[in-house]
$ cat query_13.cif   # mmCIF, C-alpha atoms
data_upload
loop_
_atom_site.label_atom_id
_atom_site.label_comp_id
_atom_site.auth_asym_id
_atom_site.auth_seq_id
_atom_site.Cartn_x
_atom_site.Cartn_y
_atom_site.Cartn_z
CA LEU A 1 111.09 75.40 47.44
CA TYR A 2 109.78 75.65 51.01
CA ILE A 3 108.53 78.99 52.34
CA ASP A 4 107.74 80.09 55.91
CA ASP A 5 108.98 76.96 57.75
CA GLY A 6 107.47 74.69 55.13
CA LYS A 7 103.93 76.07 55.35
CA ILE A 8 104.06 76.77 51.60
CA PHE A 9 105.58 74.16 49.28
CA ALA A 10 106.34 74.93 45.65
CA VAL A 11 108.15 73.23 42.78
CA ILE A 12 110.49 75.36 40.71
CA GLN A 13 109.44 75.43 37.06
CA LYS A 14 111.94 77.89 35.62
CA ALA A 15 115.02 79.77 36.79
CA THR A 16 116.63 82.80 35.13
CA ASN A 17 119.20 85.38 36.22
CA GLU A 18 116.37 87.73 37.23
CA TYR A 19 113.71 85.51 38.79
CA VAL A 20 112.54 82.01 39.71
CA GLU A 21 109.17 80.75 38.55
CA ALA A 22 107.57 78.24 40.92
CA LYS A 23 104.25 76.43 41.13
CA VAL A 24 102.67 76.25 44.58
CA VAL A 25 101.79 72.64 45.27
CA SER A 26 100.60 72.79 48.87
CA THR A 27 99.74 75.31 51.57
CA GLY A 28 98.36 72.81 54.04
CA ARG A 29 94.64 72.75 54.69
CA LYS A 30 94.01 76.44 54.25
CA PRO A 31 95.07 79.30 51.97
CA ARG A 32 98.08 81.22 53.24
CA THR A 33 99.36 84.73 52.70
CA LEU A 34 103.04 85.16 51.95
CA LYS A 35 104.29 87.70 54.46
CA GLU A 36 107.43 89.79 54.54
CA GLY A 37 110.36 88.14 56.26
CA ALA A 38 109.25 84.56 55.65
CA GLY A 39 112.14 82.11 55.43
CA ILE A 40 112.99 80.18 52.27
CA ASN A 41 114.55 76.73 52.10
CA LEU A 42 116.02 75.01 49.05
CA PRO A 43 116.98 71.62 50.53
CA ASP A 44 117.90 69.99 47.20
CA SER A 45 120.27 72.76 46.13
CA PHE A 46 123.96 73.43 46.67
CA ILE A 47 123.38 77.03 47.73
CA HIS A 48 126.14 76.77 50.37
CA LEU A 49 128.74 76.63 47.59
CA ASN A 50 128.18 80.25 46.55
CA VAL A 51 126.22 81.90 49.37
CA SER A 52 128.05 82.82 52.57
CA SER A 53 126.50 82.17 55.98
CA MET A 54 127.19 85.85 56.78
CA THR A 55 125.62 88.60 54.71
CA ASP A 56 126.94 92.13 54.25
CA GLN A 57 124.31 93.29 56.75
CA ASP A 58 125.56 90.76 59.30
CA LEU A 59 129.09 92.14 58.94
CA GLU A 60 127.77 95.65 59.60
CA TYR A 61 126.15 94.50 62.86
CA ILE A 62 129.16 92.67 64.29
CA PRO A 63 130.90 95.75 65.78
CA PHE A 64 127.76 96.58 67.78
CA ILE A 65 127.29 92.93 68.79
CA SER A 66 130.92 92.73 69.90
CA ARG A 67 130.46 95.65 72.26
CA ASN A 68 127.08 94.73 73.74
CA ALA A 69 126.34 91.00 73.55
CA ASP A 70 127.52 87.97 75.54
CA MET A 71 127.30 85.52 72.65
CA ILE A 72 126.66 85.47 68.93
CA GLY A 73 124.64 82.92 66.96
CA LEU A 74 125.90 82.01 63.49
CA SER A 75 122.88 81.05 61.39
CA PHE A 76 123.05 78.68 58.42
CA VAL A 77 126.54 77.39 59.16
CA HIS A 78 127.74 75.28 56.23
CA THR A 79 131.40 74.51 56.87
CA PRO A 80 134.08 74.91 59.56
CA GLN A 81 135.43 77.83 57.53
CA ASP A 82 132.26 79.78 58.44
CA VAL A 83 133.10 79.40 62.13
CA ALA A 84 136.74 80.33 61.59
CA LYS A 85 135.76 83.42 59.56
CA LEU A 86 133.42 84.69 62.29
CA HIS A 87 136.04 84.15 64.99
CA ALA A 88 138.63 86.03 62.94
CA ILE A 89 136.23 88.98 62.60
CA LEU A 90 135.47 88.93 66.33
CA THR A 91 139.21 88.90 67.05
CA GLU A 92 139.59 92.04 64.90
CA GLN A 93 136.87 93.63 67.05
CA SER A 94 138.74 92.72 70.27
CA ALA A 95 135.99 90.21 71.12
CA ARG A 96 137.75 86.91 70.52
CA HIS A 97 136.43 85.48 73.81
CA MET A 98 132.78 86.01 72.86
CA THR A 99 130.83 82.75 72.78
CA VAL A 100 130.02 81.56 69.25
CA ILE A 101 126.91 79.41 68.78
CA ALA A 102 126.85 77.44 65.53
CA LYS A 103 123.22 76.96 64.49
CA ILE A 104 122.92 73.58 62.80
CA GLU A 105 120.03 73.98 60.37
CA THR A 106 121.20 72.81 56.93
CA ARG A 107 122.14 69.53 55.29
CA ALA A 108 125.64 70.86 54.66
CA ALA A 109 126.10 71.63 58.37
CA LEU A 110 124.92 68.14 59.26
CA HIS A 111 127.36 66.51 56.84
CA ASN A 112 130.19 68.73 58.12
CA LEU A 113 129.22 68.57 61.79
CA ALA A 114 132.34 66.73 63.00
CA ARG A 115 134.61 69.24 61.24
CA ILE A 116 132.54 72.18 62.53
CA LEU A 117 132.90 70.87 66.09
CA LEU A 118 136.66 70.44 65.69
CA GLU A 119 136.91 74.04 64.50
CA GLY A 120 134.72 75.21 67.35
CA LEU A 121 136.95 73.48 69.89
CA LYS A 122 139.73 75.87 68.86
CA LEU A 123 137.65 78.81 70.10
CA PRO A 124 137.72 80.09 73.69
CA SER A 125 133.96 79.54 74.02
CA PHE A 126 131.76 77.57 71.62
CA GLY A 127 128.36 75.88 71.52
CA VAL A 128 125.86 74.36 69.10
CA MET A 129 122.18 75.04 68.56
CA ILE A 130 119.91 72.38 67.08
CA ALA A 131 117.74 74.77 65.05
CA ARG A 132 115.00 72.29 64.33
CA GLY A 133 112.74 74.59 62.32
CA ASP A 134 114.90 74.88 59.22
CA LEU A 135 116.71 71.61 59.87
CA ALA A 136 113.49 69.56 59.72
CA ILE A 137 112.73 71.00 56.30
CA GLU A 138 116.28 70.43 55.11
CA VAL A 139 116.53 66.76 56.14
CA GLY A 140 112.85 65.79 56.06
CA PHE A 141 110.49 65.64 59.04
CA GLU A 142 110.64 61.83 59.10
CA HIS A 143 114.39 62.00 59.80
CA MET A 144 114.30 64.74 62.41
CA SER A 145 114.04 62.55 65.50
CA ILE A 146 117.16 60.57 64.57
CA VAL A 147 119.09 63.62 63.37
CA GLN A 148 118.61 65.63 66.56
CA GLN A 149 119.74 62.68 68.67
CA GLU A 150 122.82 62.19 66.48
CA ILE A 151 123.76 65.85 66.92
CA LEU A 152 123.32 65.57 70.69
CA THR A 153 125.42 62.41 70.87
CA LEU A 154 128.30 63.85 68.85
CA CYS A 155 128.31 67.11 70.81
CA HIS A 156 128.28 65.25 74.14
CA ALA A 157 131.22 63.16 72.96
CA VAL A 158 133.39 66.25 72.50
CA HIS A 159 131.91 68.17 75.48
CA VAL A 160 130.31 70.92 73.39
CA PRO A 161 127.17 72.43 75.01
CA VAL A 162 123.93 72.17 73.04
CA ILE A 163 120.90 74.46 72.82
CA TRP A 164 117.60 72.67 72.10
CA ALA A 165 115.70 75.16 69.95
CA THR A 166 112.67 75.88 67.78
CA GLN A 167 109.02 75.44 68.78
CA VAL A 168 109.72 74.42 72.37
CA LEU A 169 106.32 74.86 74.10
CA GLU A 170 105.30 77.06 71.17
CA SER A 171 101.55 76.42 71.54
CA LEU A 172 101.72 77.47 75.18
CA ALA A 173 103.80 80.59 74.44
CA LYS A 174 101.46 81.71 71.64
CA LYS A 175 98.03 80.37 72.65
CA GLY A 176 98.23 79.78 76.40
CA LEU A 177 97.76 76.00 76.27
CA PRO A 178 100.51 73.44 75.61
CA ALA A 179 100.13 70.56 73.18
CA ARG A 180 100.64 67.11 74.71
CA ALA A 181 103.51 66.35 72.33
CA GLU A 182 105.30 69.51 73.47
CA ILE A 183 105.61 68.15 77.00
CA SER A 184 107.28 65.00 75.64
CA ASP A 185 109.53 67.22 73.55
CA VAL A 186 110.70 69.01 76.69
CA SER A 187 111.50 65.63 78.21
CA LEU A 188 113.70 64.79 75.21
CA GLY A 189 115.28 68.22 75.31
CA GLN A 190 116.58 67.79 78.85
CA ASN A 191 119.49 65.88 77.31
CA ALA A 192 120.68 69.25 75.98
CA HIS A 193 122.32 71.93 78.14
CA CYS A 194 119.88 74.72 77.35
CA MET A 195 116.39 75.20 75.88
CA MET A 196 115.26 78.19 73.86
CA LEU A 197 111.70 79.48 74.01
CA ASN A 198 110.27 81.63 71.24
CA LYS A 199 108.34 84.83 71.77
CA GLY A 200 104.61 84.91 72.52
CA PRO A 201 102.03 86.62 74.73
CA TYR A 202 102.20 83.71 77.20
CA ILE A 203 105.99 83.47 77.38
CA VAL A 204 106.01 83.86 81.20
CA GLU A 205 103.67 80.89 81.51
CA ALA A 206 105.88 78.93 79.12
CA VAL A 207 108.98 79.59 81.25
CA ASP A 208 107.08 78.52 84.36
CA MET A 209 105.83 75.32 82.69
CA LEU A 210 109.31 74.51 81.39
CA ALA A 211 110.79 74.86 84.87
CA LYS A 212 108.10 72.64 86.41
CA VAL A 213 108.43 69.88 83.80
CA LEU A 214 112.22 69.78 84.11
CA GLU A 215 112.03 69.76 87.92
CA LYS A 216 109.62 66.80 87.89
CA GLU A 217 111.73 64.98 85.28
CA GLU A 218 114.82 65.37 87.47
CA ALA A 219 112.98 64.06 90.53
CA HIS A 220 111.63 61.11 88.51
CA GLN A 221 115.11 60.19 87.29
CA LYS A 222 116.45 60.22 90.85
CA ARG A 223 113.63 57.88 91.94
CA GLN A 224 114.40 55.54 89.05
CA GLN A 225 118.08 55.45 90.01
CA THR A 226 117.19 54.68 93.62
CA VAL A 227 114.88 51.82 92.59
CA ALA A 228 117.51 50.45 90.18
CA ARG A 229 120.16 50.43 92.92
CA TYR A 230 117.77 48.68 95.32
CA MET A 231 116.88 45.99 92.79
CA THR A 232 120.55 45.44 91.92
CA GLN A 233 121.55 45.12 95.58
CA HIS A 234 118.88 42.44 96.10
CA GLY A 235 119.72 40.54 92.92
CA MET A 236 116.46 41.44 91.25
CA MET A 237 118.03 42.66 88.00
#
$ encode --input "query_13.cif" --output "structure tokens"
Amino acid sequence: LYIDDGKIFAVIQKATNEYVEAKVVSTGRKPRTLKEGAGINLPDSFIHLNVSSMTDQDLEYIPFISRNADMIGLSFVHTPQDVAKLHAILTEQSARHMTVIAKIETRAALHNLARILLEGLKLPSFGVMIARGDLAIEVGFEHMSIVQQEILTLCHAVHVPVIWATQVLESLAKKGLPARAEISDVSLGQNAHCMMLNKGPYIVEAVDMLAKVLEKEEAHQKRQQTVARYMTQHGMM
């Protein structure tokens, strides 16, 4: 049982119809307080078999979303049926052309990704978000680098746009100073079609930094292409 993006790790000791008893094994290097709204992940379970990706509260919000939003993100997609169900509901709300973003953040979604993409291609407007926060916990942090590249590759193959999300320049947005690894992460993320920044008191600075890094990356790539052409023309490679 992982709580709050994996900051608290517990092992389930007992499960009843009323409650789950779990033993906290790790909270990192410091004690942590469990706050309201913290996410919960059960990566070794088959929760997708009996828990829908859309809650009753989600269904209540859809009419408002249909009237006021440009796109809708479907969290915790498990199967292509989840995408089809949402599109059917949007059609009932006269919003069938609204863009649907399937957030890939569970093992089930990863296993069913090809089928989810095929279902999405039936929609007027469809995209994918690599929601790396929950996904890293679901598949294991050691697998995350490969998994995110596999998702990108498959989406590119079928021309589905991808949003690179979760913790992009998070240290900068929240603390005012970027971590070195975050700059490299932005470089990797340029293979996607869009990047999502999270909220923070320094979000304006984060947007500015993101724009500068991407601009320099684009200029660097053009220089590399020019050098490669020159070397090829002169038989140097």
$ closest_residue --input "query_13.cif" --among "A:Gln57, A:Gln81, A:Gln148, A:Gln93" --to "Arg115 in chain A" --atoms "only C-alpha atoms"
A:Gln81
$ closest_residue --input "query_13.cif" --among "A:Ala22, A:Ile116, A:Ala206, A:Leu34" --to "Ala84 in chain A" --atoms "all atoms listed in the file"
A:Ile116
$ closest_residue --input "query_13.cif" --among "A:Ser53, A:Thr91, A:Gln149, A:Ser26" --to "Ala109 in chain A" --atoms "only C-alpha atoms"
A:Ser53
$ atom_distance --input "query_13.cif" --atom1 "CA of Arg67 in chain A" --atom2 "CA of Thr166 in chain A"
27.0 Å
$ residues_around --input "query_13.cif" --residues "Gln190 in chain A" --least-positions-apart "6" --cutoff "12 Å" --atoms "only C-alpha atoms" --output "number ranges by chain"
A: 149, 152, 162-165, 168, 183-184, 196, 210-211, 213-218, 221
$ residues_around --input "query_13.cif" --residues "Phe46 in chain A" --least-positions-apart "6" --cutoff "12 Å" --atoms "only C-alpha atoms" --output "count of residues only"
6
$ atom_distance --input "query_13.cif" --atom1 "CA of Tyr2 in chain A" --atom2 "CA of Lys199 in chain A"
22.7 Å
$ decode --input "query_13.cif" --residues "range 116-129 of chain A" --atoms "all heavy atoms" --output "mmCIF file, in the first residue's frame"
data_model
loop_
_atom_site.group_PDB
_atom_site.id
_atom_site.type_symbol
_atom_site.label_atom_id
_atom_site.label_comp_id
_atom_site.auth_asym_id
_atom_site.auth_seq_id
_atom_site.Cartn_x
_atom_site.Cartn_y
_atom_site.Cartn_z
ATOM 1 N N ILE A 116 -6.288 0.722 -25.840
ATOM 2 C CA ILE A 116 -6.781 2.053 -25.456
ATOM 3 C C ILE A 116 -6.542 3.046 -26.596
ATOM 4 O O ILE A 116 -7.412 3.873 -26.913
ATOM 5 C CB ILE A 116 -6.089 2.529 -24.155
ATOM 6 C CG1 ILE A 116 -6.579 1.705 -22.959
ATOM 7 C CG2 ILE A 116 -6.343 4.017 -23.915
ATOM 8 C CD1 ILE A 116 -5.815 1.956 -21.679
ATOM 9 N N LEU A 117 -5.382 2.968 -27.224
ATOM 10 C CA LEU A 117 -5.082 3.861 -28.342
ATOM 11 C C LEU A 117 -6.008 3.603 -29.522
ATOM 12 O O LEU A 117 -6.490 4.547 -30.165
ATOM 13 C CB LEU A 117 -3.624 3.680 -28.770
ATOM 14 C CG LEU A 117 -2.561 4.157 -27.772
ATOM 15 C CD1 LEU A 117 -1.168 3.844 -28.293
ATOM 16 C CD2 LEU A 117 -2.698 5.644 -27.483
ATOM 17 N N LEU A 118 -6.278 2.342 -29.818
ATOM 18 C CA LEU A 118 -7.185 2.012 -30.920
ATOM 19 C C LEU A 118 -8.584 2.560 -30.660
ATOM 20 O O LEU A 118 -9.252 3.048 -31.576
ATOM 21 C CB LEU A 118 -7.233 0.497 -31.122
ATOM 22 C CG LEU A 118 -5.986 -0.137 -31.739
ATOM 23 C CD1 LEU A 118 -6.102 -1.659 -31.736
ATOM 24 C CD2 LEU A 118 -5.769 0.371 -33.162
ATOM 25 N N GLU A 119 -9.024 2.491 -29.404
ATOM 26 C CA GLU A 119 -10.332 3.049 -29.046
ATOM 27 C C GLU A 119 -10.303 4.565 -29.165
ATOM 28 O O GLU A 119 -11.246 5.185 -29.660
ATOM 29 C CB GLU A 119 -10.709 2.639 -27.619
ATOM 30 C CG GLU A 119 -12.112 3.052 -27.187
ATOM 31 C CD GLU A 119 -13.197 2.396 -28.022
ATOM 32 O OE1 GLU A 119 -13.068 1.184 -28.333
ATOM 33 O OE2 GLU A 119 -14.182 3.088 -28.354
ATOM 34 N N GLY A 120 -9.206 5.159 -28.717
ATOM 35 C CA GLY A 120 -9.082 6.610 -28.794
ATOM 36 C C GLY A 120 -9.077 7.135 -30.211
ATOM 37 O O GLY A 120 -9.573 8.240 -30.483
ATOM 38 N N LEU A 121 -8.537 6.344 -31.140
ATOM 39 C CA LEU A 121 -8.495 6.768 -32.541
ATOM 40 C C LEU A 121 -9.883 6.861 -33.161
ATOM 41 O O LEU A 121 -10.049 7.479 -34.216
ATOM 42 C CB LEU A 121 -7.622 5.806 -33.346
ATOM 43 C CG LEU A 121 -6.115 5.878 -33.065
ATOM 44 C CD1 LEU A 121 -5.381 4.756 -33.780
ATOM 45 C CD2 LEU A 121 -5.552 7.236 -33.473
ATOM 46 N N LYS A 122 -10.873 6.270 -32.508
ATOM 47 C CA LYS A 122 -12.253 6.366 -33.001
ATOM 48 C C LYS A 122 -12.881 7.711 -32.629
ATOM 49 O O LYS A 122 -13.899 8.098 -33.191
ATOM 50 C CB LYS A 122 -13.103 5.238 -32.407
ATOM 51 C CG LYS A 122 -12.634 3.832 -32.752
ATOM 52 C CD LYS A 122 -13.495 2.801 -32.036
ATOM 53 C CE LYS A 122 -12.996 1.386 -32.271
ATOM 54 N NZ LYS A 122 -13.808 0.386 -31.515
ATOM 55 N N LEU A 123 -12.269 8.413 -31.675
ATOM 56 C CA LEU A 123 -12.825 9.668 -31.188
ATOM 57 C C LEU A 123 -12.423 10.833 -32.091
ATOM 58 O O LEU A 123 -11.380 10.778 -32.752
ATOM 59 C CB LEU A 123 -12.343 9.935 -29.760
ATOM 60 C CG LEU A 123 -13.106 9.286 -28.610
ATOM 61 C CD1 LEU A 123 -13.192 7.781 -28.743
ATOM 62 C CD2 LEU A 123 -12.468 9.661 -27.269
ATOM 63 N N PRO A 124 -13.205 11.899 -32.119
ATOM 64 C CA PRO A 124 -12.848 13.061 -32.934
ATOM 65 C C PRO A 124 -11.532 13.699 -32.501
ATOM 66 O O PRO A 124 -10.787 14.217 -33.323
ATOM 67 C CB PRO A 124 -14.027 14.023 -32.713
ATOM 68 C CG PRO A 124 -15.161 13.144 -32.289
ATOM 69 C CD PRO A 124 -14.539 12.040 -31.501
ATOM 70 N N SER A 125 -11.260 13.687 -31.192
ATOM 71 C CA SER A 125 -10.042 14.314 -30.678
ATOM 72 C C SER A 125 -9.593 13.544 -29.432
ATOM 73 O O SER A 125 -10.353 13.391 -28.472
ATOM 74 C CB SER A 125 -10.310 15.783 -30.327
ATOM 75 O OG SER A 125 -9.132 16.428 -29.918
ATOM 76 N N PHE A 126 -8.331 13.075 -29.461
ATOM 77 C CA PHE A 126 -7.869 12.177 -28.401
ATOM 78 C C PHE A 126 -6.372 12.357 -28.160
ATOM 79 O O PHE A 126 -5.605 12.615 -29.094
ATOM 80 C CB PHE A 126 -8.150 10.725 -28.805
ATOM 81 C CG PHE A 126 -7.633 9.693 -27.835
ATOM 82 C CD1 PHE A 126 -8.280 9.487 -26.622
ATOM 83 C CD2 PHE A 126 -6.513 8.935 -28.131
ATOM 84 C CE1 PHE A 126 -7.812 8.535 -25.728
ATOM 85 C CE2 PHE A 126 -6.040 7.981 -27.245
ATOM 86 C CZ PHE A 126 -6.681 7.777 -26.034
ATOM 87 N N GLY A 127 -5.970 12.251 -26.919
ATOM 88 C CA GLY A 127 -4.559 12.334 -26.561
ATOM 89 C C GLY A 127 -4.260 11.476 -25.349
ATOM 90 O O GLY A 127 -5.168 10.932 -24.700
ATOM 91 N N VAL A 128 -2.982 11.362 -25.024
ATOM 92 C CA VAL A 128 -2.532 10.543 -23.894
ATOM 93 C C VAL A 128 -1.654 11.390 -22.976
ATOM 94 O O VAL A 128 -0.872 12.223 -23.449
ATOM 95 C CB VAL A 128 -1.738 9.319 -24.405
ATOM 96 C CG1 VAL A 128 -0.840 8.736 -23.326
ATOM 97 C CG2 VAL A 128 -2.688 8.245 -24.908
ATOM 98 N N MET A 129 -1.804 11.179 -21.692
ATOM 99 C CA MET A 129 -0.918 11.798 -20.722
ATOM 100 C C MET A 129 -0.099 10.708 -20.026
ATOM 101 O O MET A 129 -0.655 9.722 -19.543
ATOM 102 C CB MET A 129 -1.697 12.589 -19.665
ATOM 103 C CG MET A 129 -0.801 13.167 -18.549
ATOM 104 S SD MET A 129 -1.735 13.962 -17.214
ATOM 105 C CE MET A 129 -2.283 15.442 -18.051
#
